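Asks: Structure file protein19.cif (mmCIF, C-alpha atoms and all ligand atoms) right here:
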data_input
#
loop_
_atom_site.label_atom_id
_atom_site.label_comp_id
_atom_site.auth_asym_id
_atom_site.auth_seq_id
_atom_site.Cartn_x
_atom_site.Cartn_y
_atom_site.Cartn_z
CA MET O 1035 19.92 81.32 -134.77
CA GLU O 1036 18.39 84.19 -136.74
CA LYS O 1037 20.46 82.99 -139.67
CA SER O 1038 18.90 79.51 -139.54
CA VAL O 1039 15.40 80.97 -139.28
CA ALA O 1040 15.96 83.40 -142.16
CA ARG O 1041 17.38 80.63 -144.33
CA VAL O 1042 14.18 78.62 -143.93
CA LEU O 1043 11.86 81.64 -144.01
CA TYR O 1044 13.17 82.93 -147.35
CA GLY O 1045 14.49 79.68 -148.84
CA GLN O 1046 13.00 76.50 -150.21
CA GLY O 1047 13.39 74.37 -147.06
CA THR O 1048 10.59 73.42 -144.70
CA SER O 1049 12.81 72.07 -141.91
CA LEU O 1050 14.36 74.08 -139.08
CA ASN O 1051 17.08 72.68 -136.84
CA LEU O 1052 17.63 74.46 -133.52
CA THR O 1053 19.17 71.52 -131.69
CA SER O 1054 21.58 72.26 -128.78
CA ARG O 1055 21.25 76.07 -128.80
CA LYS O 1056 20.63 76.57 -125.06
CA ILE O 1057 17.13 77.86 -125.90
CA LYS O 1058 14.73 78.37 -122.97
CA ALA O 1059 11.73 79.37 -125.11
CA VAL O 1060 10.91 78.84 -128.78
CA PRO O 1061 11.94 82.11 -130.55
CA GLU O 1062 8.97 84.08 -131.87
CA CYS O 1063 10.40 84.40 -135.38
CA VAL O 1064 9.85 80.65 -135.77
CA PHE O 1065 6.08 81.12 -135.79
CA ARG O 1066 6.34 83.20 -138.96
CA ILE O 1067 7.52 80.19 -140.99
CA LYS O 1068 4.02 79.00 -141.91
CA LYS O 1069 5.35 76.33 -144.28
CA LEU O 1070 7.43 74.67 -141.55
CA SER O 1071 6.98 70.90 -141.48
CA VAL O 1072 9.92 69.75 -139.32
CA LEU O 1073 11.05 71.57 -136.18
CA GLN O 1074 14.01 70.22 -134.22
CA LEU O 1075 14.46 71.60 -130.74
CA ASN O 1076 16.28 68.70 -129.04
CA ASN O 1077 18.88 69.36 -126.31
CA ASN O 1078 17.68 72.72 -125.05
CA SER O 1079 16.09 73.99 -121.81
CA ILE O 1080 12.53 74.52 -123.00
CA SER O 1081 10.00 74.22 -120.16
CA ALA O 1082 6.85 75.44 -121.93
CA LEU O 1083 5.45 75.97 -125.43
CA PRO O 1084 3.55 79.15 -126.35
CA ALA O 1085 0.03 79.12 -127.85
CA GLU O 1086 1.44 80.75 -131.02
CA LEU O 1087 2.88 77.38 -132.02
CA ARG O 1088 -0.56 76.47 -133.32
CA SER O 1089 -0.04 78.89 -136.24
CA LEU O 1090 2.34 76.28 -137.70
CA ARG O 1091 -0.46 74.42 -139.42
CA ARG O 1092 1.82 72.25 -141.56
CA LEU O 1093 4.04 71.06 -138.74
CA ALA O 1094 4.34 67.29 -139.13
CA GLU O 1095 7.40 66.52 -137.02
CA LEU O 1096 8.33 68.06 -133.68
CA HIS O 1097 11.48 67.10 -131.77
CA LEU O 1098 11.55 68.20 -128.14
CA GLY O 1099 13.77 65.50 -126.64
CA ASN O 1100 16.13 66.48 -123.82
CA ASN O 1101 14.33 69.58 -122.59
CA ALA O 1102 12.71 70.65 -119.32
CA LEU O 1103 8.99 70.05 -119.98
CA LYS O 1104 6.98 68.91 -116.95
CA GLU O 1105 3.78 68.12 -118.82
CA LEU O 1106 2.51 67.75 -122.35
CA PRO O 1107 1.97 71.39 -123.41
CA ALA O 1108 -1.71 72.10 -124.19
CA VAL O 1109 -0.88 73.70 -127.55
CA LEU O 1110 0.20 70.31 -128.92
CA GLY O 1111 -3.47 69.34 -128.98
CA HIS O 1112 -4.01 71.95 -131.72
CA LEU O 1113 -1.28 70.72 -134.06
CA GLU O 1114 -3.54 68.63 -136.23
CA SER O 1115 -0.95 67.92 -138.92
CA LEU O 1116 1.50 66.48 -136.42
CA LYS O 1117 2.64 62.97 -137.33
CA LYS O 1118 5.78 62.51 -135.24
CA LEU O 1119 6.24 63.82 -131.72
CA TYR O 1120 9.42 63.21 -129.73
CA LEU O 1121 9.38 64.16 -126.04
CA PHE O 1122 11.97 61.79 -124.58
CA SER O 1123 14.15 62.79 -121.62
CA ASN O 1124 12.01 65.58 -120.16
CA GLN O 1125 10.44 65.62 -116.69
CA ILE O 1126 6.91 64.90 -117.80
CA THR O 1127 4.67 63.46 -115.09
CA VAL O 1128 1.24 64.16 -116.56
CA VAL O 1129 -0.31 63.40 -119.94
CA ALA O 1130 -3.35 65.66 -120.21
CA PRO O 1131 -6.44 64.06 -121.85
CA GLU O 1132 -7.19 67.27 -123.84
CA VAL O 1133 -3.87 67.05 -125.68
CA MET O 1134 -4.52 63.46 -126.78
CA GLY O 1135 -7.91 64.46 -128.19
CA GLY O 1136 -6.36 66.79 -130.80
CA LEU O 1137 -3.59 64.58 -132.16
CA HIS O 1138 -5.64 62.53 -134.62
CA ASN O 1139 -2.88 62.19 -137.20
CA LEU O 1140 -0.06 61.19 -134.90
CA VAL O 1141 1.92 58.16 -136.11
CA VAL O 1142 4.91 58.23 -133.74
CA LEU O 1143 4.83 59.23 -130.07
CA ASN O 1144 8.05 58.93 -128.08
CA LEU O 1145 7.81 59.66 -124.35
CA ASN O 1146 10.84 57.64 -123.23
CA HIS O 1147 12.73 58.58 -120.05
CA ASN O 1148 10.08 60.67 -118.27
CA GLN O 1149 8.18 60.19 -115.01
CA ILE O 1150 4.73 59.39 -116.33
CA GLN O 1151 2.58 57.43 -113.87
CA ARG O 1152 -0.56 56.98 -115.90
CA LEU O 1153 -1.99 57.36 -119.38
CA PRO O 1154 -5.49 58.82 -119.86
CA PRO O 1155 -8.20 56.68 -121.53
CA GLU O 1156 -8.31 59.44 -124.18
CA ILE O 1157 -5.24 57.84 -125.70
CA ARG O 1158 -7.83 56.01 -127.82
CA SER O 1159 -8.12 59.22 -129.92
CA LEU O 1160 -4.73 58.49 -131.48
CA HIS O 1161 -6.33 56.35 -134.20
CA GLY O 1162 -3.36 56.41 -136.55
CA LEU O 1163 -0.63 55.80 -133.97
CA GLN O 1164 1.85 53.16 -135.12
CA HIS O 1165 4.76 53.57 -132.70
CA LEU O 1166 4.20 54.26 -129.02
CA SER O 1167 7.23 54.30 -126.77
CA LEU O 1168 7.17 54.85 -123.01
CA LEU O 1169 10.46 53.23 -122.06
CA ASP O 1170 11.70 54.15 -118.58
CA ASN O 1171 8.66 55.79 -116.99
CA GLN O 1172 6.69 55.00 -113.83
CA LEU O 1173 3.55 53.46 -115.26
CA GLU O 1174 1.80 51.08 -112.86
CA GLU O 1175 -0.93 50.27 -115.33
CA VAL O 1176 -2.03 51.13 -118.85
CA PRO O 1177 -5.67 51.82 -119.77
CA ALA O 1178 -7.81 49.22 -121.52
CA GLU O 1179 -8.36 51.83 -124.25
CA LEU O 1180 -4.86 51.00 -125.51
CA GLY O 1181 -6.63 48.12 -127.26
CA GLN O 1182 -8.40 50.65 -129.48
CA LEU O 1183 -5.11 51.71 -131.09
CA THR O 1184 -5.62 49.27 -133.92
CA SER O 1185 -2.88 50.75 -136.13
CA LEU O 1186 -0.19 50.18 -133.51
CA THR O 1187 2.74 48.15 -134.84
CA GLU O 1188 5.29 48.81 -132.11
CA LEU O 1189 4.69 49.25 -128.39
CA ASN O 1190 7.52 49.80 -125.93
CA LEU O 1191 6.72 49.71 -122.21
CA THR O 1192 10.17 48.58 -121.05
CA SER O 1193 11.31 49.62 -117.55
CA ASN O 1194 8.06 50.66 -115.89
CA ASN O 1195 6.23 49.32 -112.83
CA LEU O 1196 3.54 47.38 -114.65
CA SER O 1197 2.12 44.43 -112.74
CA GLY O 1198 -0.40 43.55 -115.44
CA LEU O 1199 -1.65 44.46 -118.90
CA PRO O 1200 -5.23 44.93 -120.11
CA GLN O 1201 -6.81 41.92 -121.81
CA GLN O 1202 -7.85 44.27 -124.64
CA LEU O 1203 -4.27 44.35 -125.89
CA TYR O 1204 -5.11 41.47 -128.23
CA GLN O 1205 -7.21 43.92 -130.27
CA CYS O 1206 -4.01 45.65 -131.50
CA GLU O 1207 -3.91 43.28 -134.44
CA GLU O 1208 -1.15 45.08 -136.33
CA LEU O 1209 1.34 44.76 -133.48
CA THR O 1210 4.66 43.32 -134.66
CA LYS O 1211 6.96 44.35 -131.78
CA LEU O 1212 6.07 44.34 -128.11
CA TYR O 1213 8.67 45.33 -125.52
CA LEU O 1214 7.75 44.67 -121.89
CA ALA O 1215 11.11 43.98 -120.27
CA ARG O 1216 11.90 45.04 -116.69
CA ASN O 1217 8.42 45.38 -115.25
CA LYS O 1218 6.62 43.38 -112.55
CA LEU O 1219 4.38 41.32 -114.79
CA THR O 1220 3.21 38.04 -113.27
CA SER O 1221 1.21 37.07 -116.35
CA LEU O 1222 0.50 38.15 -119.93
CA PRO O 1223 -3.06 38.71 -121.24
CA GLU O 1224 -4.67 35.39 -122.17
CA GLY O 1225 -5.80 36.59 -125.59
CA ILE O 1226 -2.28 37.49 -126.71
CA TRP O 1227 -2.12 34.50 -129.07
CA ALA O 1228 -4.51 36.46 -131.34
CA LEU O 1229 -1.73 38.91 -132.25
CA ARG O 1230 -1.17 37.25 -135.61
CA LYS O 1231 1.62 39.60 -136.70
CA LEU O 1232 3.70 39.66 -133.53
CA GLN O 1233 7.32 38.93 -134.37
CA VAL O 1234 9.30 40.33 -131.46
CA LEU O 1235 8.38 39.89 -127.80
CA ASP O 1236 10.63 40.99 -124.96
CA VAL O 1237 9.45 40.06 -121.47
CA ALA O 1238 12.87 39.67 -119.84
CA GLY O 1239 13.16 40.67 -116.19
CA ASN O 1240 9.56 40.18 -115.08
CA LYS O 1241 7.87 37.74 -112.68
CA LEU O 1242 6.21 35.46 -115.21
CA PHE O 1243 5.84 31.82 -114.23
CA MET O 1244 4.40 30.67 -117.54
CA PHE O 1245 3.13 31.94 -120.88
CA PRO O 1246 -0.61 32.17 -121.59
CA VAL O 1247 -2.74 29.58 -123.37
CA ARG O 1248 -1.87 28.97 -127.06
CA PHE O 1249 1.22 31.16 -126.80
CA HIS O 1250 3.07 28.87 -129.23
CA LEU O 1251 0.68 29.90 -132.03
CA LEU O 1252 2.30 33.36 -132.19
CA PRO O 1253 4.45 33.87 -135.30
CA LEU O 1254 7.40 35.07 -133.18
CA ARG O 1255 10.89 35.40 -134.59
CA GLU O 1256 12.48 36.81 -131.45
CA LEU O 1257 11.63 36.02 -127.84
CA HIS O 1258 13.52 37.43 -124.87
CA CYS O 1259 12.41 35.92 -121.59
CA GLU O 1260 15.43 35.55 -119.30
CA GLY O 1261 15.13 36.69 -115.69
CA ASN O 1262 11.62 35.41 -114.95
CA ARG O 1263 10.29 32.86 -112.47
CA PHE O 1264 9.22 30.14 -114.86
CA VAL O 1265 8.03 26.82 -113.48
CA ARG O 1266 10.40 23.94 -114.06
CA CYS O 1267 9.49 20.48 -115.18
CA GLU O 1268 10.11 18.18 -112.22
CA PRO O 1269 7.25 15.69 -112.35
CA MET O 1270 6.14 13.97 -109.16
CA SER O 1271 3.05 12.05 -108.17
CA ALA O 1272 0.13 13.84 -106.59
CA VAL O 1273 -3.15 13.08 -104.91
CA GLN O 1274 -6.23 14.00 -106.89
CA ASP O 1275 -9.30 15.23 -105.05
CA ALA O 1276 -12.54 13.84 -106.37
CA GLU O 1277 -13.95 16.04 -109.08
CA VAL O 1278 -17.49 17.27 -108.40
CA LEU O 1279 -18.87 19.69 -110.95
CA SER O 1280 -21.53 22.18 -109.92
CA LEU O 1281 -24.95 21.93 -111.51
CA LYS O 1282 -24.25 25.21 -113.31
CA GLU O 1283 -21.05 23.81 -114.79
CA LEU O 1284 -22.73 20.58 -115.87
CA VAL O 1285 -25.55 22.48 -117.59
CA ALA O 1286 -23.12 24.94 -119.14
CA ARG O 1287 -21.03 22.13 -120.63
CA PHE O 1288 -24.15 20.55 -122.09
CA VAL O 1289 -25.37 23.87 -123.55
CA LEU O 1290 -21.95 24.75 -124.99
CA LEU O 1291 -21.68 21.32 -126.61
CA GLU O 1292 -25.20 21.45 -128.06
CA ASP O 1293 -24.56 24.96 -129.34
CA ARG O 1294 -21.91 23.55 -131.68
CA ILE O 1295 -24.60 21.59 -133.51
CA ARG O 1296 -26.27 23.97 -135.93
CA SER O 1297 -29.50 22.00 -136.13
CA SER O 1298 -29.91 21.71 -132.34
CA LEU O 1299 -32.67 23.45 -130.44
CA VAL O 1300 -30.08 25.04 -128.11
CA HIS O 1301 -28.17 26.56 -131.04
CA ARG O 1302 -31.33 28.06 -132.48
CA MET O 1303 -32.74 29.35 -129.18
CA LEU O 1304 -29.57 30.71 -127.52
CA PRO O 1305 -29.56 34.03 -129.46
CA HIS O 1306 -32.92 34.83 -127.87
CA TYR O 1307 -31.30 34.87 -124.42
CA PRO O 1308 -28.59 37.58 -124.43
CA ALA O 1309 -27.57 36.95 -120.81
CA LEU O 1310 -26.97 33.27 -121.55
CA THR O 1311 -25.16 34.08 -124.79
CA ALA O 1312 -22.79 36.38 -122.89
CA LEU O 1313 -22.20 33.70 -120.28
CA ALA O 1314 -21.50 31.09 -122.94
CA ALA O 1315 -19.01 33.41 -124.63
CA ALA O 1316 -16.84 33.21 -121.50
CA GLY O 1317 -16.43 29.46 -121.99
CA SER O 1318 -13.31 27.82 -123.31
CA CYS O 1319 -12.38 24.37 -124.51
CA CYS O 1320 -10.16 21.53 -123.35
CA GLU O 1321 -6.81 21.36 -125.14
CA LEU O 1322 -6.97 17.58 -125.20
CA CYS O 1323 -10.53 16.50 -125.99
CA LEU O 1324 -11.62 19.92 -127.31
CA ASN O 1325 -14.88 19.70 -125.34
CA PRO O 1326 -16.18 22.96 -123.85
CA PHE O 1327 -16.27 24.07 -120.20
CA LEU O 1328 -17.34 27.23 -118.46
CA THR O 1329 -15.63 28.01 -115.14
CA THR O 1330 -14.11 24.77 -113.87
CA TRP O 1331 -10.96 23.42 -115.40
CA LEU O 1332 -7.59 21.94 -114.59
CA GLU O 1333 -4.84 24.43 -114.98
CA CYS O 1334 -1.95 22.62 -116.57
CA VAL O 1335 1.32 23.43 -118.24
CA HIS O 1336 3.19 22.09 -121.22
CA PHE O 1337 6.71 22.85 -122.22
CA ILE O 1338 7.33 24.36 -125.62
CA SER O 1339 10.62 24.40 -127.42
CA PRO O 1340 10.77 27.73 -129.29
CA LYS O 1341 13.30 26.16 -131.65
CA LYS O 1342 11.19 23.16 -132.59
CA ASP O 1343 7.63 24.40 -132.07
CA MET O 1344 7.96 28.04 -133.05
CA LYS O 1345 10.90 27.89 -135.46
CA MET O 1346 12.95 30.42 -133.52
CA THR O 1347 16.65 30.30 -132.78
CA SER O 1348 16.12 30.52 -129.02
CA VAL O 1349 17.09 27.26 -127.32
CA ARG O 1350 15.48 27.38 -123.91
CA VAL O 1351 12.21 25.58 -123.28
CA VAL O 1352 9.33 27.75 -122.07
CA PRO O 1353 6.25 26.78 -120.04
CA VAL O 1354 2.86 27.52 -121.62
CA ARG O 1355 -0.46 27.38 -119.76
CA ALA O 1356 -3.00 24.80 -120.91
CA LEU O 1357 -6.54 24.26 -119.65
CA LEU O 1358 -8.01 20.76 -119.49
CA CYS O 1359 -11.62 19.85 -118.78
CA SER O 1360 -11.16 17.01 -116.30
CA TYR O 1361 -8.93 14.49 -114.56
CA LYS O 1362 -10.23 12.01 -117.09
CA CYS O 1363 -8.40 13.94 -119.80
CA LEU O 1364 -5.31 14.59 -117.67
CA ASN O 1365 -5.02 10.89 -116.85
CA THR O 1366 -5.15 9.71 -120.44
CA GLN O 1367 -1.84 8.52 -121.87
CA GLY O 1368 0.26 10.02 -124.60
CA HIS O 1369 0.13 13.77 -123.95
CA SER O 1370 2.65 16.19 -122.47
CA TYR O 1371 0.47 18.24 -120.15
CA TYR O 1372 1.36 18.45 -116.49
CA GLY O 1373 -0.66 19.68 -113.57
CA GLU O 1374 1.10 22.38 -111.64
CA ASP O 1375 1.90 22.80 -108.00
CA PRO O 1376 0.06 25.96 -106.93
CA SER O 1377 1.98 26.28 -103.68
CA THR O 1378 5.36 26.55 -105.35
CA VAL O 1379 4.05 28.64 -108.22
CA SER O 1380 2.33 31.28 -106.16
CA VAL O 1381 4.75 31.49 -103.25
CA SER O 1382 8.24 31.24 -104.62
CA GLY O 1383 7.41 31.24 -108.29
CA GLU O 1384 10.36 28.93 -108.84
CA GLY O 1385 8.23 25.87 -108.42
CA SER O 1386 8.08 22.66 -110.28
CA CYS O 1387 4.98 21.55 -112.07
CA LYS O 1388 3.61 18.76 -110.05
CA GLN O 1389 0.11 18.43 -108.91
CA GLU O 1390 -3.23 19.27 -110.38
CA ARG O 1391 -5.15 22.39 -109.71
CA ASP O 1392 -8.89 22.51 -109.91
CA GLN O 1393 -9.66 26.10 -110.58
CA ASN O 1394 -13.09 27.52 -110.10
CA SER O 1395 -13.08 31.17 -110.99
CA GLY O 1396 -16.77 31.53 -111.52
CA GLY O 1397 -18.38 31.63 -108.08
CA ASP O 1398 -21.40 29.67 -106.97
ZN ZN Y 1 -10.94 17.25 -122.00
#
Starting from the file, give its structure as structure tokens.
Ligand SMILES: [Zn+2]

Replies:
Amino acid sequence: MEKSVARVLYGQGTSLNLTSRKIKAVPECVFRIKKLSVLQLNNNSISALPAELRSLRRLAELHLGNNALKELPAVLGHLESLKKLYLFSNQITVVAPEVMGGLHNLVVLNLNHNQIQRLPPEIRSLHGLQHLSLLDNQLEEVPAELGQLTSLTELNLTSNNLSGLPQQLYQCEELTKLYLARNKLTSLPEGIWALRKLQVLDVAGNKLFMFPVRFHLLPLRELHCEGNRFVRCEPMSAVQDAEVLSLKELVARFVLLEDRIRSSLVHRMLPHYPALTALAAAGSCCELCLNPFLTTWLECVHFISPKKDMKMTSVRVVPVRALLCSYKCLNTQGHSYYGEDPSTVSVSGEGSCKQERDQNSGGD
């Protein structure tokens, strides 16, 4: 080992490889190589990192895969030049917020095969992070702050215990690859269609029963979705309850419609009422007539062929959620939207799409 260290210390190189040397602690002589930029310590028995590591001010790449770390060592938060950090196959359970705060320049963070249960909101400090991999951990949720990682191009959350994802994920506009296989996801964030660069999506082995609204607008090239609980298309007749909109909904629809007209009084006055503006922002529009609604809609489904509609090689048809404003729209001819049967969807998840659901998520 001394030979390797001496070679780097007195030679031209800036990379030191101490892989598979049965090391329990980083040898002190290493800290004398101030020019060191790559340090490989994979396949050892390292359980802690000493504070002296921070003297390596040029260290850009640190490989600590297959060691015995139980947490992210605090000293890592002082390695401000660090761009790539590999910590796969340790026994890490905790990611300390302080460490995240110091890793401003990190581009790659690999924490695969650990026992991490949660990520701190401070993960937002990793402004430059492009690849984040947490394959095979025990995450039950990820913080909304993940949406602030706007440089992220690849996110791997395969094999965790996630039952949902934060809506803010749609803010990661650079995302091209998203791996979510083998979790417990029952739905994907509604805003996901805004990921205009997403090319690969793997959601195999979850509990999805359909894809979110406008899913087919994603520029996907690869979609893996086997092993879910997608609704099937088995149309049958259904009884429709009379549709009675609340006064709030009626007014909201009027205001939202008027607001589209630039010369209208509503459009000009709305900005003066921030509470109303915020309320209006929560509105959506009917996929058929394109008219706006606020909190009452018919939750429907249409079946998309990835091959035809998304120009992918995948052959199976996938269900995509669609929101319609009224039975009037649903009952018009010449469209391919179906109401869904909430009983079969929510209980067995294997259900057919049959009857209409009138969803009121907005209270009063
Ligand atoms: Zn409509």

Asks: Identify, counting all atoms listed in the file, the protein, DNA and RNA residues located within 7 Å of ligand ZN 1 (chain Y), and give them as a ChimeraX atom specification.

Replies: /O:1320-1325,1358-1360,1363

Asks: Could you check which of O:Asn1217, O:Gln1149, O:Thr1048, O:Asn1262 is closest to Leu1199 in chain O, using all atoms listed in the file?

Replies: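 Checking each candidate against Leu1199 in chain O, we get O:Asn1217 as the closest.
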
Asks: Which one is closest to Ile1150 in chain O: O:Leu1070, O:Asn1194, O:Ala1108, O:Tyr1120? Count all atoms listed in the file.

Replies: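 Using all atoms listed in the file, Ile1150 in chain O sits closest to O:Asn1194.
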
Asks: So which residues fall inside 9 Å of (-0.4, 54.7, -114.9) if we count all atoms listed in the file? Mind giving them as a ChimeraX atom specification?

Replies: /O:1150-1154,1172-1177,1195-1196

Asks: Determine, counting only C-alpha atoms, which protein, DNA and RNA residues have an atom within 6 Å of an atom of Leu1137 in chain O; residues of the same chain fewer than 2 positions away are not included. Present the result as a count of residues only.

Replies: 6

Asks: Which residues, written as a PyMOL selection string, have at least one atom at most 10 Å from Ser1115 in chain O, with only C-alpha atoms counted and residues fewer than 2 positions away on the same chain left out?

Replies: chain O and resi 1071+1090-1095+1112-1113+1117-1118+1136-1140

Asks: Using all atoms listed in the file, which residue out of O:Val1133, O:Val1142, O:Leu1103, O:Ile1080 lies closest to Arg1055 in chain O?

Replies: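 Closest to Arg1055 in chain O, using all atoms listed in the file: O:Ile1080.
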
Asks: Of the candidates O:Leu1143, O:Ile1157, O:Ala1286, O:Asn1190, which one gets nearest to Asp1170 in chain O if we count all atoms listed in the file?

Replies: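 Once distances to Asp1170 in chain O are computed over all atoms listed in the file, the minimum belongs to O:Asn1190.
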